$ cat run.txt   # compact mmCIF, C-alpha atoms
# COMPACT_ATOMS: atom_id res chain seq x y z
CA MET K 162 7.97 -5.03 -15.16
CA GLU K 163 8.39 -5.06 -11.38
CA ALA K 164 10.60 -1.97 -11.28
CA ASP K 165 8.25 -0.20 -13.66
CA LEU K 166 5.20 -0.68 -11.46
CA VAL K 167 7.04 0.16 -8.26
CA THR K 168 8.45 3.31 -9.84
CA LEU K 169 5.15 4.40 -11.36
CA ILE K 170 3.30 4.12 -8.06
CA ALA K 171 6.12 5.80 -6.15
CA GLU K 172 6.15 8.64 -8.70
CA LEU K 173 2.35 8.98 -8.30
CA LYS K 174 1.69 8.21 -11.97
CA LYS K 175 -1.79 6.79 -11.54
CA GLN K 176 -2.92 6.03 -15.09
CA GLU K 177 0.40 4.47 -16.09
CA ALA K 178 0.46 2.33 -12.95
CA ILE K 179 -3.06 1.06 -13.62
CA GLN K 180 -2.18 0.26 -17.23
CA VAL K 181 0.89 -1.73 -16.19
CA THR K 182 -1.20 -3.58 -13.60
CA GLU K 183 -3.79 -4.51 -16.23
CA GLN K 184 -1.01 -5.72 -18.55
CA GLN K 185 0.53 -7.82 -15.82
CA LEU K 186 -2.79 -9.43 -14.95
CA LYS K 187 -3.42 -10.26 -18.61
CA SER K 188 0.01 -11.86 -18.83
CA GLY K 189 -0.74 -14.06 -15.83
CA GLU K 190 1.20 -12.28 -13.12
CA ASP K 191 0.49 -13.45 -9.56
CA PRO K 192 -1.88 -10.91 -7.92
CA LEU K 193 0.04 -11.23 -4.63
CA LYS K 194 3.23 -10.25 -6.49
CA ILE K 195 1.50 -7.11 -7.77
CA LEU K 196 0.36 -6.24 -4.26
CA ASP K 197 3.91 -6.79 -3.04
CA ASP K 198 5.14 -4.32 -5.67
CA GLY K 199 2.57 -1.89 -4.32
CA LYS K 200 3.97 -2.38 -0.84
CA LYS K 201 7.49 -1.65 -2.07
CA ALA K 202 6.27 1.50 -3.79
CA MET K 203 4.45 2.70 -0.69
CA GLN K 204 7.60 2.18 1.35
CA ILE K 205 9.33 4.58 -1.03
CA VAL K 206 6.46 7.04 -0.67
CA GLY K 207 6.69 6.76 3.10
CA ARG K 208 10.42 7.41 3.03
CA ARG K 209 9.94 10.48 0.86
CA PHE K 210 7.27 11.72 3.24
CA SER K 211 9.65 11.28 6.17
CA GLU K 212 12.37 13.13 4.26
CA GLY K 213 10.03 16.02 3.50
CA THR K 214 9.94 15.58 -0.28
CA TYR K 215 6.37 14.25 -0.21
CA PHE K 216 3.54 15.74 1.80
CA ILE K 217 0.15 14.63 3.15
CA PRO K 218 -1.69 15.07 -0.19
CA ASP K 219 0.94 12.83 -1.79
CA LEU K 220 0.38 10.16 0.85
CA VAL K 221 -3.36 10.30 0.31
CA TYR K 222 -3.02 10.17 -3.49
CA SER K 223 -0.61 7.24 -3.39
CA GLY K 224 -3.11 5.42 -1.21
CA LYS K 225 -5.83 5.98 -3.79
CA ILE K 226 -3.58 4.60 -6.53
CA LEU K 227 -2.90 1.49 -4.47
CA GLN K 228 -6.59 1.09 -3.70
CA GLN K 229 -7.49 1.07 -7.39
CA ILE K 230 -4.74 -1.42 -8.15
CA ALA K 231 -5.94 -3.60 -5.27
CA GLU K 232 -9.47 -3.61 -6.70
CA LEU K 233 -8.06 -4.76 -10.05
CA VAL K 234 -6.17 -7.70 -8.56
CA LYS K 235 -8.76 -8.72 -5.98
CA PRO K 236 -10.80 -10.97 -8.34
CA GLY K 237 -7.67 -12.99 -9.03
CA LEU K 238 -6.96 -13.78 -5.40
CA ALA K 239 -8.04 -17.16 -4.11
CA GLN K 240 -11.43 -16.79 -2.49
CA ALA K 241 -12.13 -18.51 0.80
CA PRO K 242 -14.59 -21.41 0.44
CA GLN K 243 -16.66 -20.34 3.45
CA THR K 244 -20.02 -18.73 2.68
CA GLU K 245 -20.08 -17.14 6.13
CA LYS K 246 -17.28 -14.98 7.49
CA LEU K 247 -14.90 -16.68 9.90
CA CYS K 248 -14.87 -13.86 12.42
CA LYS K 249 -14.95 -10.06 12.76
CA LEU K 250 -11.76 -8.03 12.78
CA VAL K 251 -11.30 -4.30 13.41
CA LEU K 252 -8.33 -2.71 11.68
CA GLY K 253 -6.85 0.77 11.55
CA THR K 254 -3.71 2.90 11.31
CA VAL K 255 -3.08 4.42 14.72
CA ALA K 256 -3.29 8.12 15.64
CA GLY K 257 -0.57 10.29 14.13
CA ASP K 258 0.02 8.08 11.08
CA LEU K 259 -1.54 8.62 7.65
CA HIS K 260 -0.07 5.60 5.85
CA VAL K 261 -2.71 3.44 4.17
CA ILE K 262 -0.51 0.67 2.78
CA GLY K 263 -0.85 -1.57 5.82
CA THR K 264 -4.60 -1.44 6.18
CA ASN K 265 -5.30 -1.60 2.45
CA LEU K 266 -3.34 -4.79 1.84
CA VAL K 267 -4.34 -6.52 5.04
CA THR K 268 -8.01 -5.70 4.50
CA ILE K 269 -7.94 -7.19 1.01
CA ILE K 270 -6.08 -10.35 1.98
CA LEU K 271 -8.17 -10.96 5.10
CA ASP K 272 -11.38 -10.34 3.19
CA VAL K 273 -10.64 -12.88 0.46
CA ASN K 274 -9.63 -15.36 3.16
CA GLY K 275 -13.04 -15.22 4.78
CA PHE K 276 -12.78 -12.55 7.48
CA ALA K 277 -15.24 -9.69 8.03
CA VAL K 278 -12.91 -6.67 8.19
CA TYR K 279 -13.93 -3.27 9.53
CA ASP K 280 -11.24 -0.85 8.33
CA LEU K 281 -11.29 2.36 10.36
CA GLY K 282 -8.81 4.11 8.07
CA VAL K 283 -5.84 6.24 9.13
CA ASP K 284 -5.00 8.49 12.10
CA VAL K 285 -7.45 6.55 14.26
CA LYS K 286 -7.69 7.76 17.85
CA PRO K 287 -7.76 5.14 20.64
CA GLN K 288 -11.36 5.97 21.57
CA ILE K 289 -12.51 5.23 18.02
CA PHE K 290 -11.05 1.74 18.31
CA VAL K 291 -12.78 1.32 21.66
CA ASP K 292 -16.13 2.49 20.30
CA LYS K 293 -15.93 0.16 17.30
CA ILE K 294 -14.99 -2.81 19.47
CA ARG K 295 -18.00 -2.14 21.67
CA GLU K 296 -20.25 -1.76 18.62
CA ILE K 297 -19.39 -4.90 16.64
CA GLN K 298 -17.67 -7.11 19.25
CA PRO K 299 -14.82 -8.38 17.04
CA GLN K 300 -12.55 -11.24 18.01
CA ILE K 301 -9.42 -9.55 16.62
CA VAL K 302 -8.03 -6.01 16.43
CA GLY K 303 -5.23 -4.98 14.07
CA LEU K 304 -3.12 -1.85 14.64
CA SER K 305 -1.01 -0.53 11.77
CA GLY K 306 1.81 2.02 11.87
CA PHE K 307 4.66 3.10 9.60
CA LEU K 308 6.34 5.81 11.70
CA THR K 309 8.59 5.39 14.73
CA SER K 310 6.74 8.33 16.25
CA VAL K 311 3.57 6.25 16.69
CA TYR K 312 5.02 3.59 18.98
CA GLN K 313 3.39 5.42 21.87
CA ALA K 314 0.09 5.62 19.95
CA MET K 315 0.18 1.83 19.64
CA LYS K 316 0.56 1.51 23.40
CA ASP K 317 -2.06 4.19 24.08
CA THR K 318 -4.56 2.29 21.92
CA VAL K 319 -3.95 -1.02 23.67
CA ASP K 320 -4.14 0.74 27.05
CA ALA K 321 -7.43 2.40 26.07
CA ILE K 322 -8.90 -0.96 25.09
CA ALA K 323 -7.80 -2.36 28.45
CA ALA K 324 -9.16 0.64 30.37
CA ALA K 325 -12.53 0.09 28.69
CA GLY K 326 -12.61 -3.46 30.03
CA LEU K 327 -12.33 -4.97 26.56
CA ARG K 328 -8.74 -6.26 26.51
CA ASN K 329 -9.68 -9.83 27.42
CA GLU K 330 -12.35 -9.87 24.71
CA VAL K 331 -9.97 -9.40 21.77
CA LYS K 332 -6.63 -10.52 20.40
CA ILE K 333 -4.49 -7.60 19.21
CA MET K 334 -1.93 -7.75 16.39
CA ILE K 335 0.35 -4.96 15.20
CA GLY K 336 2.08 -4.46 11.86
CA GLY K 337 3.76 -1.89 9.67
CA GLY K 338 7.10 -0.95 8.22
CA VAL K 339 8.83 -0.03 11.48
CA MET K 340 7.00 -2.39 13.81
CA ASP K 341 8.67 -5.44 15.31
CA GLU K 342 8.57 -7.77 18.30
CA GLU K 343 10.03 -5.14 20.62
CA VAL K 344 7.30 -2.68 19.72
CA ARG K 345 4.74 -5.43 20.32
CA LYS K 346 6.07 -5.93 23.83
CA PHE K 347 6.10 -2.18 24.48
CA ALA K 348 2.54 -1.74 23.23
CA GLY K 349 1.21 -4.80 25.03
CA ALA K 350 -0.20 -6.44 21.89
CA ASP K 351 -0.55 -10.20 21.46
CA ALA K 352 1.42 -10.60 18.23
CA TYR K 353 3.41 -8.87 15.50
CA GLY K 354 2.73 -9.65 11.85
CA GLN K 355 5.42 -8.85 9.28
CA ASP K 356 3.05 -8.68 6.31
CA ALA K 357 -0.52 -9.26 5.16
CA MET K 358 -0.18 -13.03 4.92
CA ALA K 359 1.28 -13.14 8.42
CA ALA K 360 -1.84 -11.32 9.59
CA VAL K 361 -4.03 -13.96 7.95
CA ASN K 362 -2.05 -16.78 9.56
CA LEU K 363 -2.23 -15.14 12.99
CA ALA K 364 -5.96 -14.60 12.65
CA ARG K 365 -6.51 -18.20 11.58
CA ASP K 366 -4.46 -19.49 14.49
CA TRP K 367 -6.46 -17.37 16.93
CA ILE K 368 -9.80 -18.66 15.72
CA GLY K 369 -8.66 -22.27 15.74
CA GLY K 370 -7.10 -22.74 12.34
CA ALA K 371 -10.34 -22.39 10.37
$ encode --input "run.txt" --output "structure tokens"
Amino acid sequence: MEADLVTLIAELKKQEAIQVTEQQLKSGEDPLKILDDGKKAMQIVGRRFSEGTYFIPDLVYSGKILQQIAELVKPGLAQAPQTEKLCKLVLGTVAGDLHVIGTNLVTIILDVNGFAVYDLGVDVKPQIFVDKIREIQPQIVGLSGFLTSVYQAMKDTVDAIAAAGLRNEVKIMIGGGVMDEEVRKFAGADAYGQDAMAAVNLARDWIGGA
């Protein structure tokens, strides 16, 4: 079934992908496994976008497919026992990048693990991050990116947060298909998370292992 779901999402076959997801859930498939299949599919979509075979509308549509699948699996994810949110976290895909896979999955996983997530969406300019940080005073900021061309945007965002006098108020993590420890150093972020669960573990560590 794995290849089927990955292929269906990557081929933008919405109804078929939703049907397969529903079948998998009924058969007892691990919701995290389904989300991982979604991640694999979105990596294919991203590659096709980079190659010029998919375009912006395809990126947007694939994101909507993933979002619907995520809503289907969300009830099956282990809910955090806390009645109050652990802390506030601002998340967004940096300027110049329209990939939604990173923020969608991380938002879902962080939410069910007890974090209050403010997802700013895609192509988020540095000033928008700054404004949101000032507005809600989060403890953590997450920057997502799936294109090598947005390395500078990562750095620009961290620099803008620092220029606004807010850098010492937040911990900043980065993630995304082409991000790594070297990009973290270049951008000036505090940590790099390889996937959604890594983001949860980082966030928990930063707030004291709650």
$ closest_residue --input "run.txt" --among "K:Leu196, K:Leu227, K:Ala277, K:Ile333" --to "Met358 in chain K" --atoms "all atoms listed in the file"
K:Leu196
$ closest_residue --input "run.txt" --among "K:Leu252, K:Val311, K:Ile179, K:Val273" --to "Lys225 in chain K" --atoms "only C-alpha atoms"
K:Ile179
$ atom_distance --input "run.txt" --atom1 "CA of Gly213 in chain K" --atom2 "CA of Leu259 in chain K"
14.3 Å
$ closest_residue --input "run.txt" --among "K:Met340, K:Leu363, K:Val206, K:Ile230" --to "Gln313 in chain K" --atoms "only C-alpha atoms"
K:Met340
$ closest_residue --input "run.txt" --among "K:Leu166, K:Gln176, K:Gly282, K:Glu183" --to "Val221 in chain K" --atoms "only C-alpha atoms"
K:Gly282
$ atom_distance --input "run.txt" --atom1 "CA of Tyr215 in chain K" --atom2 "CA of Ala178 in chain K"
18.4 Å
$ residues_near_point --input "run.txt" --point "(1.6, 14.6, 4.1)" --cutoff "12 Å" --atoms "all atoms listed in the file" --output "list in words"
Val206, Gly207, Arg208, Arg209, Phe210, Ser211, Glu212, Gly213, Thr214, Tyr215, Phe216, Ile217, Pro218, Asp219, Leu220, Val221, Tyr222, Ser223, Gly224, Gly257, Asp258, Leu259, His260 and Val261 of chain K
$ atom_distance --input "run.txt" --atom1 "CA of Lys235 in chain K" --atom2 "CA of Asp284 in chain K"
25.2 Å
$ residues_near_point --input "run.txt" --point "(-11.6, 0.3, 26.8)" --cutoff "10 Å" --atoms "all atoms listed in the file" --output "PyMOL selection string"
chain K and resi 287-288+290-292+294-295+318-328
$ closest_residue --input "run.txt" --among "K:Ala364, K:Val285, K:Ala231, K:Val339" --to "Ile301 in chain K" --atoms "only C-alpha atoms"
K:Ala364
$ residues_around --input "run.txt" --residues "Gly336 in chain K" --least-positions-apart "2" --cutoff "10 Å" --atoms "only C-alpha atoms" --output "list in words"
Thr254, Gly263, Thr264, Val267, Gly303, Leu304, Ser305, Gly306, Phe307, Met334, Gly338, Val339, Met340, Asp341, Glu342, Val344, Arg345, Ala352, Tyr353, Gly354, Gln355, Asp356, Ala357, Ala359 and Ala360 of chain K
$ closest_residue --input "run.txt" --among "K:Leu238, K:Ile289, K:Ala256, K:Ala202" --to "Leu308 in chain K" --atoms "all atoms listed in the file"
K:Ala256
$ axis_aligned_box --input "run.txt" --around "range 287-296 of chain K" --padding-each-side "8 Å" --output "AutoDock Vina command-line options"
--center_x -14.0 --center_y 1.6 --center_z 19.5 --size_x 28.5 --size_y 24.8 --size_z 20.4
